[in-house]
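Q: This is input_6.csv (CSV, C-alpha atoms and all ligand atoms).
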chain,number,residue,atom,x,y,z
C,27,MET,CA,113.6,134.2,142.9
C,28,THR,CA,114.7,135.1,139.3
C,29,LEU,CA,111.9,134.0,137.0
C,30,ASP,CA,113.9,134.6,133.8
C,31,ALA,CA,116.3,131.7,133.3
C,32,LEU,CA,116.7,129.7,130.1
C,33,VAL,CA,117.1,126.0,129.8
C,34,PHE,CA,119.1,124.6,126.9
C,35,TYR,CA,118.9,121.0,125.7
C,36,SER,CA,120.2,119.5,122.4
C,37,PRO,CA,121.8,116.2,121.6
C,38,VAL,CA,123.7,117.8,118.7
C,39,ASP,CA,124.1,121.5,119.3
C,40,ASP,CA,127.0,123.0,121.3
C,41,PRO,CA,125.7,124.6,124.5
C,42,GLN,CA,128.8,126.8,124.9
C,43,ALA,CA,128.4,128.3,121.4
C,44,TRP,CA,124.8,129.1,122.2
C,45,ARG,CA,125.7,130.5,125.7
C,46,LYS,CA,128.3,132.8,124.1
C,47,ALA,CA,126.0,133.9,121.2
C,48,LEU,CA,123.1,134.6,123.5
C,49,ALA,CA,125.2,136.5,126.0
C,50,SER,CA,126.2,138.9,123.2
C,51,GLU,CA,122.5,139.7,122.6
C,52,LEU,CA,121.0,139.3,126.1
C,53,PRO,CA,123.8,139.8,128.6
C,54,ASP,CA,121.3,139.4,131.5
C,55,ILE,CA,120.0,135.9,130.5
C,56,ASP,CA,120.7,133.2,133.0
C,57,PHE,CA,121.7,130.3,130.6
C,58,ARG,CA,121.4,126.8,132.2
C,59,VAL,CA,122.2,123.6,130.4
C,60,ASP,CA,120.1,120.5,131.2
C,61,PRO,CA,120.5,118.6,133.5
C,62,ASP,CA,122.0,121.5,135.6
C,63,VAL,CA,118.9,123.5,135.6
C,64,GLY,CA,118.8,124.6,139.3
C,65,ASP,CA,115.3,125.5,140.5
C,66,PRO,CA,113.0,124.5,137.6
C,67,ASP,CA,110.5,127.1,138.7
C,68,GLU,CA,113.0,129.8,137.7
C,69,ILE,CA,112.9,128.7,134.0
C,70,SER,CA,111.0,131.0,131.7
C,71,PHE,CA,112.5,130.1,128.4
C,72,ALA,CA,113.5,126.9,126.7
C,73,LEU,CA,115.9,126.5,123.8
C,74,THR,CA,115.7,122.9,122.7
C,75,TRP,CA,116.2,120.3,120.0
C,76,LEU,CA,114.5,116.9,120.3
C,77,PRO,CA,114.0,117.0,124.1
C,78,PRO,CA,113.1,113.6,125.5
C,79,LYS,CA,109.6,112.6,126.6
C,80,GLY,CA,108.6,114.3,129.9
C,81,PHE,CA,111.4,117.0,129.5
C,82,PHE,CA,109.0,119.9,130.0
C,83,HIS,CA,107.0,118.5,133.0
C,84,ARG,CA,109.5,120.2,135.4
C,85,PHE,CA,109.1,123.7,134.1
C,86,ARG,CA,105.8,125.1,135.3
C,87,ASN,CA,106.6,128.8,134.6
C,88,LEU,CA,107.7,128.5,130.9
C,89,LYS,CA,106.8,131.5,128.7
C,90,LEU,CA,108.4,130.5,125.5
C,91,VAL,CA,109.9,127.4,123.9
C,92,THR,CA,112.3,127.9,121.0
C,93,ASN,CA,112.9,125.0,118.7
C,94,LEU,CA,116.5,124.8,117.7
C,95,GLY,CA,115.6,124.0,114.1
C,96,ALA,CA,113.0,124.8,111.4
C,97,GLY,CA,110.8,121.7,111.8
C,98,ALA,CA,109.0,121.9,115.1
C,99,ASP,CA,107.1,118.6,114.7
C,100,ALA,CA,108.9,117.0,117.7
C,101,LEU,CA,107.5,119.8,119.9
C,102,LEU,CA,103.9,119.3,118.9
C,103,ASN,CA,101.4,116.8,120.3
C,104,ARG,CA,103.4,116.3,123.5
C,105,ASP,CA,101.7,115.7,126.8
C,106,ASP,CA,104.5,117.4,128.8
C,107,LEU,CA,104.1,120.9,127.3
C,108,VAL,CA,101.7,123.4,128.9
C,109,PRO,CA,100.1,125.7,126.3
C,110,VAL,CA,103.0,128.1,125.7
C,111,PRO,CA,104.1,129.8,122.5
C,112,ILE,CA,106.5,127.7,120.4
C,113,THR,CA,108.8,129.4,117.9
C,114,ARG,CA,111.1,127.8,115.4
C,115,LEU,CA,114.3,129.0,114.0
C,116,SER,CA,114.6,130.7,110.6
C,117,ASP,CA,117.7,132.5,109.7
C,118,PRO,CA,119.7,133.3,106.6
C,119,GLY,CA,122.5,130.8,107.5
C,120,MET,CA,120.0,127.9,107.6
C,121,VAL,CA,118.4,129.0,104.4
C,122,SER,CA,121.7,129.3,102.5
C,123,LEU,CA,122.9,125.9,103.8
C,124,MET,CA,119.6,124.2,102.7
C,125,THR,CA,119.8,125.9,99.3
C,126,SER,CA,123.4,124.6,98.8
C,127,TYR,CA,122.2,121.1,99.6
C,128,VAL,CA,119.3,121.3,97.1
C,129,VAL,CA,121.3,122.9,94.4
C,130,TYR,CA,124.0,120.2,94.7
C,131,ALA,CA,121.5,117.3,94.8
C,132,VAL,CA,119.5,118.6,91.8
C,133,THR,CA,122.5,119.5,89.8
C,134,ARG,CA,124.2,116.1,90.5
C,135,TYR,CA,121.2,114.6,88.6
C,136,ALA,CA,120.8,117.3,86.0
C,137,ARG,CA,124.4,117.1,85.0
C,138,ASP,CA,124.5,113.2,85.2
C,139,MET,CA,127.1,113.2,87.9
C,140,HIS,CA,125.5,110.1,89.5
C,141,ILE,CA,126.2,108.3,86.2
C,142,PHE,CA,129.8,109.5,86.1
C,143,GLU,CA,130.4,108.5,89.7
C,144,ARG,CA,129.5,104.9,88.8
C,145,ALA,CA,131.5,105.1,85.6
C,146,THR,CA,134.5,106.3,87.5
C,147,ARG,CA,134.2,103.3,89.9
C,148,ARG,CA,134.1,101.1,86.8
C,149,GLY,CA,137.0,102.9,85.2
C,150,GLU,CA,134.9,103.8,82.2
C,151,TRP,CA,135.0,106.9,79.9
C,152,HIS,CA,131.2,107.2,79.6
C,153,TYR,CA,130.0,110.2,77.5
C,154,VAL,CA,126.5,111.5,78.2
C,155,HIS,CA,125.5,114.6,76.1
C,156,PRO,CA,124.6,117.3,78.6
C,157,ARG,CA,121.1,118.8,78.4
C,158,SER,CA,120.1,122.4,78.8
C,159,LEU,CA,119.0,123.2,82.3
C,160,SER,CA,115.9,124.9,80.9
C,161,GLU,CA,114.7,121.5,79.7
C,162,ILE,CA,114.8,120.1,83.2
C,163,LYS,CA,111.6,120.5,85.2
C,164,VAL,CA,112.2,120.6,89.0
C,165,GLY,CA,109.4,120.5,91.5
C,166,ILE,CA,109.8,122.0,94.9
C,167,LEU,CA,107.2,120.8,97.4
C,168,GLY,CA,106.9,123.4,100.2
C,169,LEU,CA,107.6,127.1,99.4
C,170,GLY,CA,108.3,128.3,102.9
C,171,GLU,CA,111.5,130.0,104.2
C,172,LEU,CA,113.6,127.1,102.7
C,173,GLY,CA,111.6,126.1,99.7
C,174,ALA,CA,111.0,129.5,98.3
C,175,HIS,CA,114.7,130.4,98.4
C,176,ALA,CA,115.8,127.1,96.8
C,177,ALA,CA,113.2,127.4,94.1
C,178,GLN,CA,114.3,131.0,93.3
C,179,THR,CA,117.9,130.0,93.2
C,180,LEU,CA,117.3,127.0,90.9
C,181,SER,CA,115.2,129.2,88.6
C,182,GLY,CA,118.0,131.8,88.6
C,183,MET,CA,120.4,129.0,87.4
C,184,GLY,CA,118.1,128.3,84.5
C,185,TYR,CA,116.1,125.3,85.6
C,186,ASP,CA,112.4,125.1,84.8
C,187,VAL,CA,111.0,125.3,88.3
C,188,TYR,CA,107.6,124.4,89.7
C,189,GLY,CA,106.6,125.0,93.2
C,190,TRP,CA,103.8,123.7,95.4
C,191,SER,CA,102.5,124.9,98.7
C,192,ARG,CA,99.3,125.0,100.8
C,193,THR,CA,98.5,128.6,99.9
C,194,LEU,CA,99.3,130.0,96.5
C,195,LYS,CA,102.6,131.9,96.2
C,196,ASN,CA,103.9,134.4,93.7
C,197,ILE,CA,107.7,133.8,93.2
C,198,ALA,CA,109.4,135.3,90.2
C,199,GLY,CA,110.5,132.6,87.7
C,200,VAL,CA,108.7,129.8,89.5
C,201,ALA,CA,105.4,128.3,88.3
C,202,CYS,CA,103.5,128.2,91.5
C,203,PHE,CA,100.7,125.7,92.4
C,204,ALA,CA,98.7,125.2,95.6
C,205,GLY,CA,96.3,122.7,97.1
C,206,ARG,CA,96.0,118.9,97.1
C,207,GLU,CA,94.7,118.6,93.5
C,208,ALA,CA,97.5,120.6,92.0
C,209,LEU,CA,100.1,118.2,93.6
C,210,ASP,CA,99.3,115.5,90.9
C,211,GLN,CA,99.9,118.1,88.2
C,212,VAL,CA,103.3,119.1,89.6
C,213,LEU,CA,104.4,115.5,90.2
C,214,GLY,CA,103.2,114.5,86.7
C,215,GLN,CA,105.6,116.8,84.9
C,216,CYS,CA,108.7,117.1,87.1
C,217,GLU,CA,111.7,114.8,86.5
C,218,ILE,CA,113.3,116.0,89.8
C,219,VAL,CA,111.1,116.5,92.9
C,220,VAL,CA,112.4,118.0,96.1
C,221,SER,CA,110.5,117.8,99.4
C,222,LEU,CA,110.9,120.8,101.7
C,223,LEU,CA,107.5,120.2,103.4
C,224,PRO,CA,107.1,120.1,107.2
C,225,ALA,CA,105.8,116.9,108.8
C,226,THR,CA,102.2,117.6,109.8
C,227,GLY,CA,99.0,115.7,110.0
C,228,ASP,CA,98.2,116.8,106.4
C,229,THR,CA,101.6,115.9,104.9
C,230,ARG,CA,102.0,112.5,106.6
C,231,ALA,CA,102.7,109.9,103.9
C,232,LEU,CA,101.6,112.5,101.3
C,233,LEU,CA,103.9,110.8,98.8
C,234,GLY,CA,102.7,107.2,98.7
C,235,ALA,CA,102.8,104.6,95.9
C,236,ARG,CA,100.2,106.4,93.9
C,237,GLU,CA,102.0,109.8,94.0
C,238,LEU,CA,105.4,108.3,93.3
C,239,ALA,CA,103.9,106.5,90.3
C,240,LEU,CA,102.6,109.8,88.9
C,241,MET,CA,106.2,111.1,88.5
C,242,PRO,CA,107.8,110.4,85.1
C,243,ARG,CA,109.4,107.0,85.0
C,244,GLY,CA,113.0,107.2,86.3
C,245,ALA,CA,112.3,110.5,88.1
C,246,LYS,CA,114.7,111.6,90.9
C,247,PHE,CA,113.4,112.3,94.4
C,248,ILE,CA,115.2,114.4,97.0
C,249,ASN,CA,114.0,114.5,100.5
C,250,ALA,CA,115.6,117.2,102.6
C,251,SER,CA,112.8,117.9,105.0
C,252,ARG,CA,111.1,115.0,107.0
C,253,SER,CA,110.7,111.3,106.2
C,254,ALA,CA,107.1,111.4,107.4
C,255,VAL,CA,106.0,113.1,104.1
C,256,VAL,CA,106.9,109.9,102.1
C,257,ASP,CA,105.8,106.3,102.6
C,258,GLU,CA,109.3,104.7,102.9
C,259,ASP,CA,108.1,101.3,101.9
C,260,ALA,CA,106.5,102.6,98.7
C,261,LEU,CA,109.7,104.6,98.0
C,262,ILE,CA,111.9,101.5,98.4
C,263,GLU,CA,109.6,99.6,96.1
C,264,ALA,CA,109.6,102.4,93.5
C,265,LEU,CA,113.4,102.6,93.7
C,266,ARG,CA,113.7,98.8,93.2
C,267,SER,CA,111.4,98.8,90.2
C,268,GLY,CA,113.0,101.9,88.6
C,269,ALA,CA,109.8,103.9,88.7
C,270,ILE,CA,111.9,106.3,90.8
C,271,GLY,CA,115.3,106.3,89.2
C,272,GLU,CA,117.4,107.8,92.0
C,273,ALA,CA,116.9,109.4,95.4
C,274,THR,CA,118.9,111.6,97.7
C,275,LEU,CA,117.7,111.2,101.2
C,276,ASP,CA,118.7,113.2,104.3
C,277,VAL,CA,115.9,112.1,106.6
C,278,PHE,CA,114.5,108.8,107.7
C,279,ASN,CA,111.8,107.2,109.8
C,280,VAL,CA,114.5,105.9,112.1
C,281,GLU,CA,117.7,107.9,112.6
C,282,PRO,CA,120.5,107.0,112.6
C,283,LEU,CA,119.4,104.7,109.7
C,284,PRO,CA,119.8,101.1,111.0
C,285,ARG,CA,122.7,99.1,109.5
C,286,ASN,CA,120.3,96.5,107.9
C,287,HIS,CA,117.9,99.1,106.4
C,288,PRO,CA,117.2,98.4,102.7
C,289,PHE,CA,118.2,101.9,101.7
C,290,TRP,CA,121.8,101.0,102.3
C,291,THR,CA,121.6,98.3,99.7
C,292,LEU,CA,120.2,100.4,96.9
C,293,ASP,CA,122.8,101.6,94.5
C,294,ASN,CA,120.5,104.4,93.3
C,295,VAL,CA,120.2,106.1,96.7
C,296,LEU,CA,122.5,108.7,98.2
C,297,ILE,CA,122.2,108.9,102.0
C,298,THR,CA,123.2,111.9,104.0
C,299,PRO,CA,122.9,111.9,107.8
C,300,HIS,CA,120.3,114.6,108.5
C,301,LEU,CA,122.4,117.7,107.9
C,302,ALA,CA,120.9,119.3,104.8
C,303,SER,CA,120.9,122.4,106.9
C,304,ILE,CA,121.8,123.2,110.5
C,305,THR,CA,121.5,126.1,112.8
C,306,ILE,CA,124.5,128.4,113.2
C,307,PRO,CA,124.3,130.1,116.6
C,308,ALA,CA,126.1,133.3,115.5
C,309,LEU,CA,123.6,133.8,112.7
C,310,ALA,CA,120.4,132.4,114.4
C,311,VAL,CA,120.9,134.1,117.7
C,312,ARG,CA,119.4,137.5,116.7
C,313,ASN,CA,115.9,136.0,116.1
C,314,VAL,CA,116.1,133.8,119.2
C,315,ALA,CA,117.0,136.9,121.3
C,316,GLU,CA,114.4,139.1,119.7
C,317,SER,CA,111.6,136.5,120.4
C,318,ILE,CA,112.7,136.5,124.1
C,319,ARG,CA,112.7,140.3,124.2
C,320,ARG,CA,109.2,140.3,122.7
C,321,VAL,CA,107.8,137.8,125.1
C,322,ARG,CA,109.3,139.8,128.0
C,323,ARG,CA,107.4,142.8,126.7
C,324,GLY,CA,104.2,140.7,126.4
C,325,GLU,CA,104.4,140.7,122.6
C,326,GLU,CA,104.2,137.8,120.0
C,327,PRO,CA,107.5,136.0,119.4
C,328,LEU,CA,108.9,135.7,115.8
C,329,HIS,CA,108.1,132.7,113.7
C,330,ARG,CA,105.5,131.3,116.0
C,331,VAL,CA,104.4,127.7,115.2
C,332,ASP,CA,100.7,127.2,114.8
C,333,PRO,CA,100.0,123.9,116.6
C,334,ARG,CA,96.7,123.4,114.7
C,335,ARG,CA,98.4,123.7,111.3
C,336,GLY,CA,101.4,121.7,112.6
C,337,TYR,CA,104.1,124.1,111.3
H,401,LIG,P1,108.0,126.8,106.5
H,401,LIG,O1,107.0,126.5,107.6
H,401,LIG,O2,108.6,128.1,106.3
H,401,LIG,O3,107.4,126.3,105.1
H,401,LIG,C1,106.6,125.2,105.0
H,401,LIG,C2,106.1,125.1,103.5
H,401,LIG,O4,105.3,123.9,103.4
H,401,LIG,C3,105.1,126.2,103.3
H,401,LIG,O5,105.2,126.7,101.9
H,401,LIG,C4,103.7,125.6,103.4
H,401,LIG,O6,102.7,126.2,102.7
H,401,LIG,C5,104.0,124.2,102.9
H,401,LIG,N1,103.1,123.3,103.4
H,401,LIG,C6,102.8,122.9,104.7
H,401,LIG,N2,101.8,122.0,104.8
H,401,LIG,C7,101.4,121.8,103.5
H,401,LIG,C8,100.4,121.1,102.9
H,401,LIG,N3,99.5,120.3,103.6
H,401,LIG,N4,100.2,121.1,101.5
H,401,LIG,C9,101.1,121.9,100.8
H,401,LIG,N5,102.0,122.6,101.3
H,401,LIG,C10,102.2,122.6,102.6
H,401,LIG,O7,109.2,125.7,106.7
H,401,LIG,P2,110.7,125.8,106.3
H,401,LIG,O8,110.8,126.1,104.8
H,401,LIG,O9,111.5,126.7,107.2
H,401,LIG,O10,111.2,124.3,106.5
H,401,LIG,C11,110.6,123.2,105.9
H,401,LIG,C12,110.9,121.9,106.6
H,401,LIG,O11,112.3,121.6,106.3
H,401,LIG,C13,110.9,122.0,108.1
H,401,LIG,O12,109.5,121.8,108.6
H,401,LIG,C14,111.8,120.9,108.5
H,401,LIG,O13,111.0,119.7,108.7
H,401,LIG,C15,112.7,120.7,107.3
H,401,LIG,N6,114.1,121.0,107.6
H,401,LIG,C16,115.0,120.0,107.4
H,401,LIG,C17,116.3,120.2,107.7
H,401,LIG,C18,117.4,119.1,107.4
H,401,LIG,O14,118.5,119.3,107.8
H,401,LIG,N7,117.0,118.0,106.8
H,401,LIG,C19,116.8,121.5,108.2
H,401,LIG,C20,115.8,122.5,108.3
H,401,LIG,C21,114.5,122.2,108.1
H,401,LIG,P3,102.2,127.7,103.0
H,401,LIG,O15,103.4,128.5,102.5
H,401,LIG,O16,101.0,127.8,102.2
H,401,LIG,O17,102.0,127.8,104.5
Written as structure tokens, how would this file's structure read?
Ligand code: NDP
A:
Amino acid sequence: MTLDALVFYSPVDDPQAWRKALASELPDIDFRVDPDVGDPDEISFALTWLPPKGFFHRFRNLKLVTNLGAGADALLNRDDLVPVPITRLSDPGMVSLMTSYVVYAVTRYARDMHIFERATRRGEWHYVHPRSLSEIKVGILGLGELGAHAAQTLSGMGYDVYGWSRTLKNIAGVACFAGREALDQVLGQCEIVVSLLPATGDTRALLGARELALMPRGAKFINASRSAVVDEDALIEALRSGAIGEATLDVFNVEPLPRNHPFWTLDNVLITPHLASITIPALAVRNVAESIRRVRRGEEPLHRVDPRRGY
């Protein structure tokens, strides 16, 4: 019996692209796509995105689960997963795609493009004098693989960038803050706030009515990480009242966002369908393969998720 097969499951990623990419790094890997898994006892590795409830019950000999994305929240607190190391993806392709999303969303507001989009629809020549980017304070919540790069890039463009994380960071050109108390300080001064925080027990509904009200009136909010970090009802209320002027949202409590959801009716919300960043197999495969090699040698995989921390 070969105890070294890998099971692949994803509702969005292309199994054939992953099969090809992985074969170039690990020619001996026995790549099986769910539901054609053969003997489940032969499965040692899982490469999955949003596997359904009970998915892992079948695989008693798992040695490593690799999350096909950066946010591994869907793999934590499950009752079908034996204690086995979980890794998440982190690769330069994912980082640069996320930075492009954040730079676009921030700059759309900083350069008043949202105003010109509406003026264009009205057929109006509507002049708004541009502001220097150095006057515009942007707060990045979460300074991990994605947040740190986005913050550095915005700072390099000339924005006045503030960053917030659990532990204090030192990022050139970014005013860094850490810990719950410092969040109020960051929110209080930033006119554009971007969430790149993972969904964890500690970040759940971190941005509620109180926190949204701390932001300068008319502030812009960009959520490119997980909807769980913000109280959606409070956000809708703040967008209706103008306390929050505009929002760019890539993530939602229910996805796809239901047709009758209030976000669709708000003129000051830009909705994107959870694609701020994606995993590109050809770029991400090196880390995936390296983690498998390490586990085969009895070593720690790369980018291991800490279930107690939740990310
Ligand atoms: P990382 O784990 O590298 O970074 C997470 C950051 O959040 C760290 O800086 C961490 O602090 C900070 N953080 C975590 N908990 C807290 C807390 N309680 N208080 C303050 N800061 C906290 O994750 P990534 O940067 O790789 O990804 C971030 C998230 O983006 C993912 O978890 C995922 O949910 C989301 N994502 C969304 C995508 C999309 O398409 N919409 C695509 C990819 C990712 P510290 O540095 O101190 O540990």
Q: Work out how far atom CA of Phe34 of chain C is from atom CA of Phe57 of chain C, in Å to one decimal.
A: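 Those two atoms sit 7.3 Å apart.
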Q: Between atom CA of Leu194 of chain C and atom CA of Met241 of chain C, what is the distance, to one decimal in Å?
A: 21.7 Å
Q: Identify, counting all atoms listed in the file, the protein, DNA and RNA residues located within 7 Å of ligand LIG 401 (chain H), and give them as a compact mmCIF listing (two decimals) with C-alpha atoms, keeping the file's coordinate frame.
A:
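The resulting file, selection.txt, is shown below:
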# COMPACT_ATOMS: atom_id res chain seq x y z
CA GLY C 95 115.60 124.00 114.10
CA ALA C 96 113.00 124.80 111.40
CA GLY C 97 110.80 121.70 111.80
CA ALA C 98 109.00 121.90 115.10
CA SER C 116 114.60 130.70 110.60
CA MET C 120 120.00 127.90 107.60
CA MET C 124 119.60 124.20 102.70
CA LEU C 167 107.20 120.80 97.40
CA GLY C 168 106.90 123.40 100.20
CA LEU C 169 107.60 127.10 99.40
CA GLY C 170 108.30 128.30 102.90
CA GLU C 171 111.50 130.00 104.20
CA LEU C 172 113.60 127.10 102.70
CA GLY C 173 111.60 126.10 99.70
CA TRP C 190 103.80 123.70 95.40
CA SER C 191 102.50 124.90 98.70
CA ARG C 192 99.30 125.00 100.80
CA THR C 193 98.50 128.60 99.90
CA LEU C 194 99.30 130.00 96.50
CA ALA C 204 98.70 125.20 95.60
CA GLY C 205 96.30 122.70 97.10
CA ARG C 206 96.00 118.90 97.10
CA LEU C 222 110.90 120.80 101.70
CA LEU C 223 107.50 120.20 103.40
CA PRO C 224 107.10 120.10 107.20
CA ALA C 225 105.80 116.90 108.80
CA THR C 226 102.20 117.60 109.80
CA ASP C 228 98.20 116.80 106.40
CA THR C 229 101.60 115.90 104.90
CA ALA C 250 115.60 117.20 102.60
CA SER C 251 112.80 117.90 105.00
CA ARG C 252 111.10 115.00 107.00
CA ASP C 276 118.70 113.20 104.30
CA VAL C 277 115.90 112.10 106.60
CA HIS C 300 120.30 114.60 108.50
CA LEU C 301 122.40 117.70 107.90
CA ALA C 302 120.90 119.30 104.80
CA SER C 303 120.90 122.40 106.90
CA ILE C 304 121.80 123.20 110.50
CA TYR C 337 104.10 124.10 111.30
Q: Point out the residue among C:Val121, C:Arg134, C:Gly64, C:Leu76 with the least atom-to-atom distance to Ala174 of chain C, counting only C-alpha atoms.
A: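 Among C:Val121, C:Arg134, C:Gly64, C:Leu76, it is C:Val121 that comes nearest to Ala174 of chain C.
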Q: Please list as a compact mmCIF listing (two decimals) with C-alpha atoms, in the frame of the given file every residue within 12 Å of Trp151 of chain C, counting only C-alpha atoms and excluding residues in the same chain fewer than 6 positions away.
A:
# COMPACT_ATOMS: atom_id res chain seq x y z
CA ILE C 141 126.20 108.30 86.20
CA PHE C 142 129.80 109.50 86.10
CA GLU C 143 130.40 108.50 89.70
CA ARG C 144 129.50 104.90 88.80
CA ALA C 145 131.50 105.10 85.60
Q: List every protein, DNA or RNA residue that has at least one atom no more than 9 Å from (114.6, 120.0, 93.1) in the file's coordinates, counting all atoms listed in the file, and write the result as a tab-separated table (two decimals) with C-alpha atoms, keeping the file's coordinate frame.
A:
chain	number	residue	atom	x	y	z
C	128	VAL	CA	119.30	121.30	97.10
C	129	VAL	CA	121.30	122.90	94.40
C	131	ALA	CA	121.50	117.30	94.80
C	132	VAL	CA	119.50	118.60	91.80
C	133	THR	CA	122.50	119.50	89.80
C	163	LYS	CA	111.60	120.50	85.20
C	164	VAL	CA	112.20	120.60	89.00
C	165	GLY	CA	109.40	120.50	91.50
C	166	ILE	CA	109.80	122.00	94.90
C	167	LEU	CA	107.20	120.80	97.40
C	176	ALA	CA	115.80	127.10	96.80
C	177	ALA	CA	113.20	127.40	94.10
C	180	LEU	CA	117.30	127.00	90.90
C	187	VAL	CA	111.00	125.30	88.30
C	188	TYR	CA	107.60	124.40	89.70
C	216	CYS	CA	108.70	117.10	87.10
C	217	GLU	CA	111.70	114.80	86.50
C	218	ILE	CA	113.30	116.00	89.80
C	219	VAL	CA	111.10	116.50	92.90
C	220	VAL	CA	112.40	118.00	96.10
C	221	SER	CA	110.50	117.80	99.40
C	246	LYS	CA	114.70	111.60	90.90
C	247	PHE	CA	113.40	112.30	94.40
C	248	ILE	CA	115.20	114.40	97.00
Q: For Gly80 of chain C, which residue among C:Val314, C:Val255, C:Leu94, C:Leu107 is the nearest when counting all atoms listed in the file?
A: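 Distance minimum relative to Gly80 of chain C lands on C:Leu107.
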Q: What lies within 8 Å of Asn87 of chain C using only C-alpha atoms, ignoring chain neighbours under 6 positions off, as a list of chain:residue names?
A: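 Once the nearby chain positions are removed, what remains is C:Leu29, C:Asp67, C:Glu68, C:Ile69, C:Ser70.
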Q: In Å, with one decimal, what is the gap from atom CA of Ser267 of chain C to atom CA of Val212 of chain C?
A: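 Interatomic distance, atom CA of Ser267 of chain C to atom CA of Val212 of chain C: 21.9 Å.
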Q: For the point (124.1, 130.2, 116.2) in the file's frame, write as a short mmCIF file (atom, residue, chain, number, x, y, z; two decimals) with C-alpha atoms, keeping the file's coordinate frame all residues with an atom no more than 10 Å away, counting only C-alpha atoms.
A:
data_model
loop_
_atom_site.label_atom_id
_atom_site.label_comp_id
_atom_site.auth_asym_id
_atom_site.auth_seq_id
_atom_site.Cartn_x
_atom_site.Cartn_y
_atom_site.Cartn_z
CA ASP C 39 124.10 121.50 119.30
CA ASP C 40 127.00 123.00 121.30
CA ALA C 43 128.40 128.30 121.40
CA TRP C 44 124.80 129.10 122.20
CA ARG C 45 125.70 130.50 125.70
CA LYS C 46 128.30 132.80 124.10
CA ALA C 47 126.00 133.90 121.20
CA LEU C 48 123.10 134.60 123.50
CA LEU C 94 116.50 124.80 117.70
CA ASP C 117 117.70 132.50 109.70
CA GLY C 119 122.50 130.80 107.50
CA MET C 120 120.00 127.90 107.60
CA ILE C 304 121.80 123.20 110.50
CA THR C 305 121.50 126.10 112.80
CA ILE C 306 124.50 128.40 113.20
CA PRO C 307 124.30 130.10 116.60
CA ALA C 308 126.10 133.30 115.50
CA LEU C 309 123.60 133.80 112.70
CA ALA C 310 120.40 132.40 114.40
CA VAL C 311 120.90 134.10 117.70
CA ARG C 312 119.40 137.50 116.70
CA VAL C 314 116.10 133.80 119.20
#
Q: Find the spatial neighbours of Leu88 of chain C, counting all atoms listed in the file, within a cut-off of 8 Å - ignore same-chain residues fewer than 2 positions away - and output them as an NGL selection string.
A: :C and (69-72 or 85-86 or 90-91 or 110)
Q: Restricting the calculation to all atoms listed in the file, which member of C:Lys79, C:Arg157, C:Arg322, C:Arg335 is positioned closest to Leu101 of chain C?
A: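 Closest to Leu101 of chain C of all the choices is C:Lys79.
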Q: Counting all atoms listed in the file, what is within 10 Å of Gln178 of chain C, bar same-chain residues fewer than 3 positions away, as a list in words?
A: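 The neighbour list is Thr125, Leu169, Gly173, Ala174, His175, Ser181, Gly182, Met183, Gly184, Tyr185, Val187, Gly189, Ile197, Ala198, Gly199 and Val200 of chain C.
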Q: Can you tell me, as a list in words, what residues are no more than 7 Å from Arg330 of chain C when counting only C-alpha atoms, ignoring any on the same chain fewer than 3 positions away?
A: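 Within the cut-off, the hits are Pro111, Ile112, Thr113, Arg114 and Pro327 of chain C.
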Q: Which is closest to Gln215 of chain C among C:Pro53, C:Pro242, C:Pro118, C:Gly234, if we use all atoms listed in the file?
A: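 For Gln215 of chain C, the nearest of the given residues is C:Pro242.
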Q: Would you please work out which residue, of C:Leu240, C:Leu283, C:Leu159, C:Val321, is nearest to Gln211 of chain C when using only C-alpha atoms?
A: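 Of the candidates, the smallest distance to Gln211 of chain C is held by C:Leu240.
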